[in-house]
Amino acid sequence: MKTLKGFREFYPDPVPSKDAWSFGMRNWIFQSWKATARKYGFLEYDGPPLEPLDLYTRKSGDEIVGQLYNFVDKGDREVALRPEMTPTFARMVSQASTQYKKPMKWFSIPQLFRYERNQRGRLREHFQLNADIVGESSLAADAELIAFLIDVLRDLGLSHNEFRVKLSSRSAWIQFYQKHHGQPDKQYQFFQAVDKMDRLPEDIVTQQFEDVGIPLHLVKEFISSAQPVGDLIEVVNHLSHRGLSDYIQIDYQIIRGLAYYTGIVFEAFDCAGKFRAIAGGGRYDKLIHLLSDSKVDLPALGFGMGDVVLTELLIELQKAPNLEIQADVFFAIEDESFRPQSLAHIQWFRDKGHSVHFPLTPTKPDKQFKLASELNARCLVYIDPLNPHDLTFKILTTRQKLTGPRELISTLL
Ligand code: HAM
């Protein structure tokens with residue numbers, strides 16, 4: 001029996017094959033995400049993995065709707081596994097915003113599901129760090145969020161030679177669209193054409209821009225200008241005051257596939273251009289208003305960073321940590337008559353917080369020694385029959401030995 005296509009199993013290290021996903025690596029990434037979120041003052045939240053279908057059909061846009069993992073449940077309800085966190089987040093905020101001081105800075109690490117075509121960096125489930133700020137319309141919030149994204153990647157060991165955050169602005173594109181008299185009802189269609197223009201043949205791209213009333217050459221000219229305009233000037237300045245200029249670049253081709261973005265948008269990529277986007281986000285000032293049936297009106301912005309591309313990139317750049325397990329103690333039981341006493345000591349060491357392995361069944365001494373080194377145990381502890389009231393402690397690498405009460409040995413672990 002195999003897993004469903006696009007779904008993963010996470011193994012303990014050392015993983016059984018080079019393609020297997022490591023639970024240790026996943027944990028290491030999550031811990032780093034959480035540590036950076038704490039530095040920036042983001043609070044953690046979560047929501048349901050299964051949602052009413054119309055949460056997504058209302059405002060996420062066709063791209064996500066086409067990828068929904070949806071079905072009718074036993075109560076005849078149209079439901080979907082969450083493909084993204086933003087609609088759940090916007091609903092939670094609209095229900096409880098009066099209870100929290102603004103700006104609200106929240107983060108979450110949901111598992112998300114998208115019925116995507118299988119390709120490198122895109123699976124049918126992934127974990128995604130979501131970080132969002134609500135209740136602040138100043139561009140200082142956009143800069144803070146982008147700085148957070150940069151620091152998340154720096155904390156994982158990536159430098160400005162390895163990743164770049166590409167900044168763009170939907171408001172700049174809207175101004176461009178109006179200036180060149182694009183058809184008013186086809187603006188989102190225009191955004192989608194910009195989003196996909198480097199992935200489609202030139203004749204199709206030309207046609208798509210003609211359909212919305214904008215010649216392709218004007219679009220290309222705007223993209224190649226690559227100069228910050230409007231809102232972007234302030235955000236770029238904020239980031240340069242923090243010494244983060246090397247991590248950003250203006251790229252108007254970034255426009256984001258999702259429908260709800262309204263202002264600054266951005267995506268993070270590896271500098272070598274080998275992988276799909278590591279992260280993406282932007283400002284979405286109208287979504288909370290829409291999902292609260294116009295009851296709550298709060299500006300918001302955020303981003304999502306998946307674990308799939310990130311893990312592949314960290315492995316490629318050899319930034320993955322050494323995930324070898326290390327036990328503190330291997331408690332050897334050479335003489336079975338000492339098993340009851342040994343069990344009491346093992347429990348005592350674990351109560352003190354040490355990681356202890358021991359042979360569950362009678363095992364030959366040389367096999368126990370082999371097991372201890374396979375488990376990467378730092379030391380061996382055992383009852384020496386010549387001195388059964390104390391414990392003998394041996395450091396496995398240096399073979400240094402000491403005999404004494406367990407209280408003394410505990411201080412050496
Ligand atoms: P998104 O661009 O759809 O944005 O996804 C964000 C990131 O999630 C991507 O850059 C990628 O790393 C990862 N990702 C997306 N789909 C997959 C997949 N099928 N397999 C593996 N990784 C994937 C959003 O989801 C927005 N809701 C982000 C956001 C939060 N905007 C505001 N707040």
# chains A, B, ... in the order shown; residues from 1 in each chain; ligands from 1

$ residues_near_ligand --ligand "ligand 1" --cutoff "8 Å" --atoms "only C-alpha atoms and all ligand atoms" --output "count of residues only"
46

$ select_by_dssp --residues "range 57-200 of chain A" --states "strand (DSSP E)" --output "PyMOL selection string"
chain A and resi 69-72+78-81+104-108+111-113+125-134+163-169

$ closest_residue --among "A:Tyr45, A:Leu68, A:Arg242, A:Val93" --to "Leu81 in chain A" --atoms "only C-alpha atoms"
A:Leu68

$ residues_around --residues "Pro52 in chain A" --least-positions-apart "2" --cutoff "7 Å" --atoms "only C-alpha atoms" --output "PDB file with N, CA, C and O atoms, in the first residue's frame"
ATOM      1  N   ASP A  54     -17.663  27.253   0.748  1.00  0.00           N
ATOM      2  CA  ASP A  54     -17.832  28.631   0.264  1.00  0.00           C
ATOM      3  C   ASP A  54     -16.894  29.631   0.944  1.00  0.00           C
ATOM      4  O   ASP A  54     -16.775  30.760   0.509  1.00  0.00           O
ATOM      5  N   LEU A  55     -16.178  29.198   1.962  1.00  0.00           N
ATOM      6  CA  LEU A  55     -15.154  30.082   2.544  1.00  0.00           C
ATOM      7  C   LEU A  55     -14.114  30.411   1.465  1.00  0.00           C
ATOM      8  O   LEU A  55     -13.524  31.486   1.466  1.00  0.00           O
ATOM      9  N   GLU A  78     -21.224  20.735   1.711  1.00  0.00           N
ATOM     10  CA  GLU A  78     -20.092  20.937   0.792  1.00  0.00           C
ATOM     11  C   GLU A  78     -18.921  21.429   1.633  1.00  0.00           C
ATOM     12  O   GLU A  78     -18.997  22.509   2.235  1.00  0.00           O
ATOM     13  N   VAL A  79     -17.861  20.617   1.715  1.00  0.00           N
ATOM     14  CA  VAL A  79     -16.726  20.989   2.558  1.00  0.00           C
ATOM     15  C   VAL A  79     -15.428  20.906   1.763  1.00  0.00           C
ATOM     16  O   VAL A  79     -15.373  20.302   0.692  1.00  0.00           O
ATOM     17  N   ALA A  80     -14.366  21.519   2.301  1.00  0.00           N
ATOM     18  CA  ALA A  80     -13.049  21.456   1.658  1.00  0.00           C
ATOM     19  C   ALA A  80     -11.976  21.392   2.735  1.00  0.00           C
ATOM     20  O   ALA A  80     -12.101  22.027   3.786  1.00  0.00           O
TER      21      ALA A  80
END

$ select_by_dssp --residues "range 104-292 of chain A" --states "alpha helix (DSSP H)" --output "PyMOL selection string"
chain A and resi 139-155+170-179+187-196+202-212+216-225+231-241+287-291

$ residues_around --residues "Trp106 in chain A" --least-positions-apart "3" --cutoff "12 Å" --atoms "only C-alpha atoms" --output "ChimeraX atom specification"
/A:34,37-38,40-46,85-86,89-90,92-93,97,100-103,109,129-135,145,300-303

$ closest_atom_pairs --of "range 222-341 of chain A" --to "range 154-161 of chain A" --cutoff "9 Å" --atoms "only C-alpha atoms" --output "JSON lines"
{"residue": "A:Asp246", "atom": "CA", "partner": "A:His160", "partner_atom": "CA", "distance": 6.0}
{"residue": "A:Tyr247", "atom": "CA", "partner": "A:His160", "partner_atom": "CA", "distance": 5.2}
{"residue": "A:Ile248", "atom": "CA", "partner": "A:His160", "partner_atom": "CA", "distance": 8.6}
{"residue": "A:Asp270", "atom": "CA", "partner": "A:Asn161", "partner_atom": "CA", "distance": 8.6}
{"residue": "A:Cys271", "atom": "CA", "partner": "A:Asn161", "partner_atom": "CA", "distance": 6.5}
{"residue": "A:Ala272", "atom": "CA", "partner": "A:Asn161", "partner_atom": "CA", "distance": 8.9}
{"residue": "A:Leu314", "atom": "CA", "partner": "A:Leu158", "partner_atom": "CA", "distance": 8.1}
{"residue": "A:Leu317", "atom": "CA", "partner": "A:Leu158", "partner_atom": "CA", "distance": 8.7}
{"residue": "A:Lys319", "atom": "CA", "partner": "A:Gly157", "partner_atom": "CA", "distance": 6.5}
{"residue": "A:Ala320", "atom": "CA", "partner": "A:Leu156", "partner_atom": "CA", "distance": 8.7}

$ atom_distance --atom1 "CA of Val296 in chain A" --atom2 "CA of Gln178 in chain A"
28.9 Å

$ atom_distance --atom1 "CA of Arg406 in chain A" --atom2 "CA of His389 in chain A"
9.7 Å

$ atom_distance --atom1 "CA of Ala226 in chain A" --atom2 "CA of Glu312 in chain A"
29.0 Å

$ residues_around --residues "Pro215 in chain A" --least-positions-apart "5" --cutoff "10 Å" --atoms "only C-alpha atoms" --output "PyMOL selection string"
chain A and resi 180+182+206-210+220

$ residues_around --residues "Lys352 in chain A" --least-positions-apart "4" --cutoff "10 Å" --atoms "only C-alpha atoms" --output "ChimeraX atom specification"
/A:346-348,407,410

$ write_last_selection --atoms "all heavy atoms" --output "mmCIF file, in the first residue's frame"
data_model
loop_
_atom_site.group_PDB
_atom_site.id
_atom_site.type_symbol
_atom_site.label_atom_id
_atom_site.label_comp_id
_atom_site.auth_asym_id
_atom_site.auth_seq_id
_atom_site.Cartn_x
_atom_site.Cartn_y
_atom_site.Cartn_z
ATOM 1 N N ILE A 346 16.949 3.751 36.394
ATOM 2 C CA ILE A 346 16.543 4.291 35.073
ATOM 3 C C ILE A 346 15.398 5.293 35.257
ATOM 4 O O ILE A 346 15.409 6.395 34.724
ATOM 5 C CB ILE A 346 16.146 3.128 34.127
ATOM 6 C CG1 ILE A 346 17.410 2.364 33.712
ATOM 7 C CG2 ILE A 346 15.381 3.632 32.901
ATOM 8 C CD1 ILE A 346 17.156 0.972 33.150
ATOM 9 N N GLN A 347 14.409 4.866 36.065
ATOM 10 C CA GLN A 347 13.268 5.760 36.319
ATOM 11 C C GLN A 347 13.742 7.060 36.977
ATOM 12 O O GLN A 347 13.302 8.155 36.617
ATOM 13 C CB GLN A 347 12.263 5.036 37.242
ATOM 14 C CG GLN A 347 10.926 5.732 37.353
ATOM 15 C CD GLN A 347 10.184 5.773 36.014
ATOM 16 O OE1 GLN A 347 10.262 4.857 35.230
ATOM 17 N NE2 GLN A 347 9.492 6.868 35.756
ATOM 18 N N TRP A 348 14.675 6.930 37.917
ATOM 19 C CA TRP A 348 15.192 8.103 38.636
ATOM 20 C C TRP A 348 15.872 9.069 37.657
ATOM 21 O O TRP A 348 15.623 10.277 37.669
ATOM 22 C CB TRP A 348 16.184 7.643 39.721
ATOM 23 C CG TRP A 348 16.674 8.774 40.583
ATOM 24 C CD1 TRP A 348 16.090 9.254 41.711
ATOM 25 C CD2 TRP A 348 17.858 9.566 40.378
ATOM 26 N NE1 TRP A 348 16.817 10.301 42.227
ATOM 27 C CE2 TRP A 348 17.915 10.511 41.423
ATOM 28 C CE3 TRP A 348 18.858 9.572 39.408
ATOM 29 C CZ2 TRP A 348 18.928 11.457 41.536
ATOM 30 C CZ3 TRP A 348 19.879 10.513 39.518
ATOM 31 C CH2 TRP A 348 19.911 11.436 40.567
ATOM 32 N N GLU A 407 23.457 10.602 42.251
ATOM 33 C CA GLU A 407 23.324 12.066 42.316
ATOM 34 C C GLU A 407 24.545 12.724 41.686
ATOM 35 O O GLU A 407 24.428 13.721 40.976
ATOM 36 C CB GLU A 407 23.178 12.546 43.771
ATOM 37 C CG GLU A 407 21.849 12.235 44.422
ATOM 38 C CD GLU A 407 21.697 10.767 44.826
ATOM 39 O OE1 GLU A 407 22.707 10.019 44.780
ATOM 40 O OE2 GLU A 407 20.563 10.364 45.157
ATOM 41 N N SER A 410 24.503 12.089 37.840
ATOM 42 C CA SER A 410 23.496 12.948 37.192
ATOM 43 C C SER A 410 24.076 14.334 36.876
ATOM 44 O O SER A 410 23.755 14.924 35.849
ATOM 45 C CB SER A 410 22.299 13.066 38.108
ATOM 46 O OG SER A 410 21.421 14.035 37.640
#

$ residues_around --residues "range 360-367 of chain A" --least-positions-apart "4" --cutoff "10 Å" --atoms "only C-alpha atoms" --output "PDB file with N, CA, C and O atoms, in the first residue's frame"
ATOM      1  N   ALA A 332      23.365  -0.108  30.978  1.00  0.00           N
ATOM      2  CA  ALA A 332      23.603  -1.518  30.655  1.00  0.00           C
ATOM      3  C   ALA A 332      23.222  -2.410  31.828  1.00  0.00           C
ATOM      4  O   ALA A 332      23.390  -2.025  32.996  1.00  0.00           O
ATOM      5  N   ILE A 333      22.660  -3.563  31.501  1.00  0.00           N
ATOM      6  CA  ILE A 333      22.340  -4.542  32.560  1.00  0.00           C
ATOM      7  C   ILE A 333      23.084  -5.827  32.196  1.00  0.00           C
ATOM      8  O   ILE A 333      22.618  -6.622  31.376  1.00  0.00           O
ATOM      9  N   GLU A 334      24.257  -5.975  32.794  1.00  0.00           N
ATOM     10  CA  GLU A 334      25.093  -7.128  32.439  1.00  0.00           C
ATOM     11  C   GLU A 334      24.685  -8.362  33.238  1.00  0.00           C
ATOM     12  O   GLU A 334      24.727  -9.476  32.756  1.00  0.00           O
ATOM     13  N   ASP A 335      24.263  -8.122  34.473  1.00  0.00           N
ATOM     14  CA  ASP A 335      23.876  -9.231  35.343  1.00  0.00           C
ATOM     15  C   ASP A 335      22.375  -9.081  35.608  1.00  0.00           C
ATOM     16  O   ASP A 335      21.938  -8.112  36.237  1.00  0.00           O
ATOM     17  N   GLU A 336      21.577 -10.043  35.111  1.00  0.00           N
ATOM     18  CA  GLU A 336      20.112  -9.921  35.166  1.00  0.00           C
ATOM     19  C   GLU A 336      19.577  -9.825  36.597  1.00  0.00           C
ATOM     20  O   GLU A 336      18.487  -9.309  36.816  1.00  0.00           O
ATOM     21  N   ARG A 339      18.511  -6.369  37.466  1.00  0.00           N
ATOM     22  CA  ARG A 339      17.485  -5.679  36.660  1.00  0.00           C
ATOM     23  C   ARG A 339      16.520  -4.846  37.529  1.00  0.00           C
ATOM     24  O   ARG A 339      16.295  -3.657  37.221  1.00  0.00           O
ATOM     25  N   LEU A 371      24.943  -1.563  20.734  1.00  0.00           N
ATOM     26  CA  LEU A 371      23.681  -0.814  20.701  1.00  0.00           C
ATOM     27  C   LEU A 371      23.898   0.620  21.209  1.00  0.00           C
ATOM     28  O   LEU A 371      23.410   1.596  20.631  1.00  0.00           O
ATOM     29  N   ALA A 372      24.671   0.725  22.310  1.00  0.00           N
ATOM     30  CA  ALA A 372      24.935   2.039  22.914  1.00  0.00           C
ATOM     31  C   ALA A 372      25.648   2.946  21.906  1.00  0.00           C
ATOM     32  O   ALA A 372      25.303   4.118  21.762  1.00  0.00           O
TER      33      ALA A 372
END

$ closest_residue --among "A:Ile150, A:Thr411, A:His345, A:Gln111" --to "Asp390 in chain A" --atoms "only C-alpha atoms"
A:His345

$ closest_residue --among "A:Ala140, A:Leu386, A:Val329, A:Leu167" --to "Asp251 in chain A" --atoms "only C-alpha atoms"
A:Leu167

$ closest_residue --among "A:Leu244, A:Met197, A:Val265, A:Leu298" --to "Asp142 in chain A" --atoms "only C-alpha atoms"
A:Val265
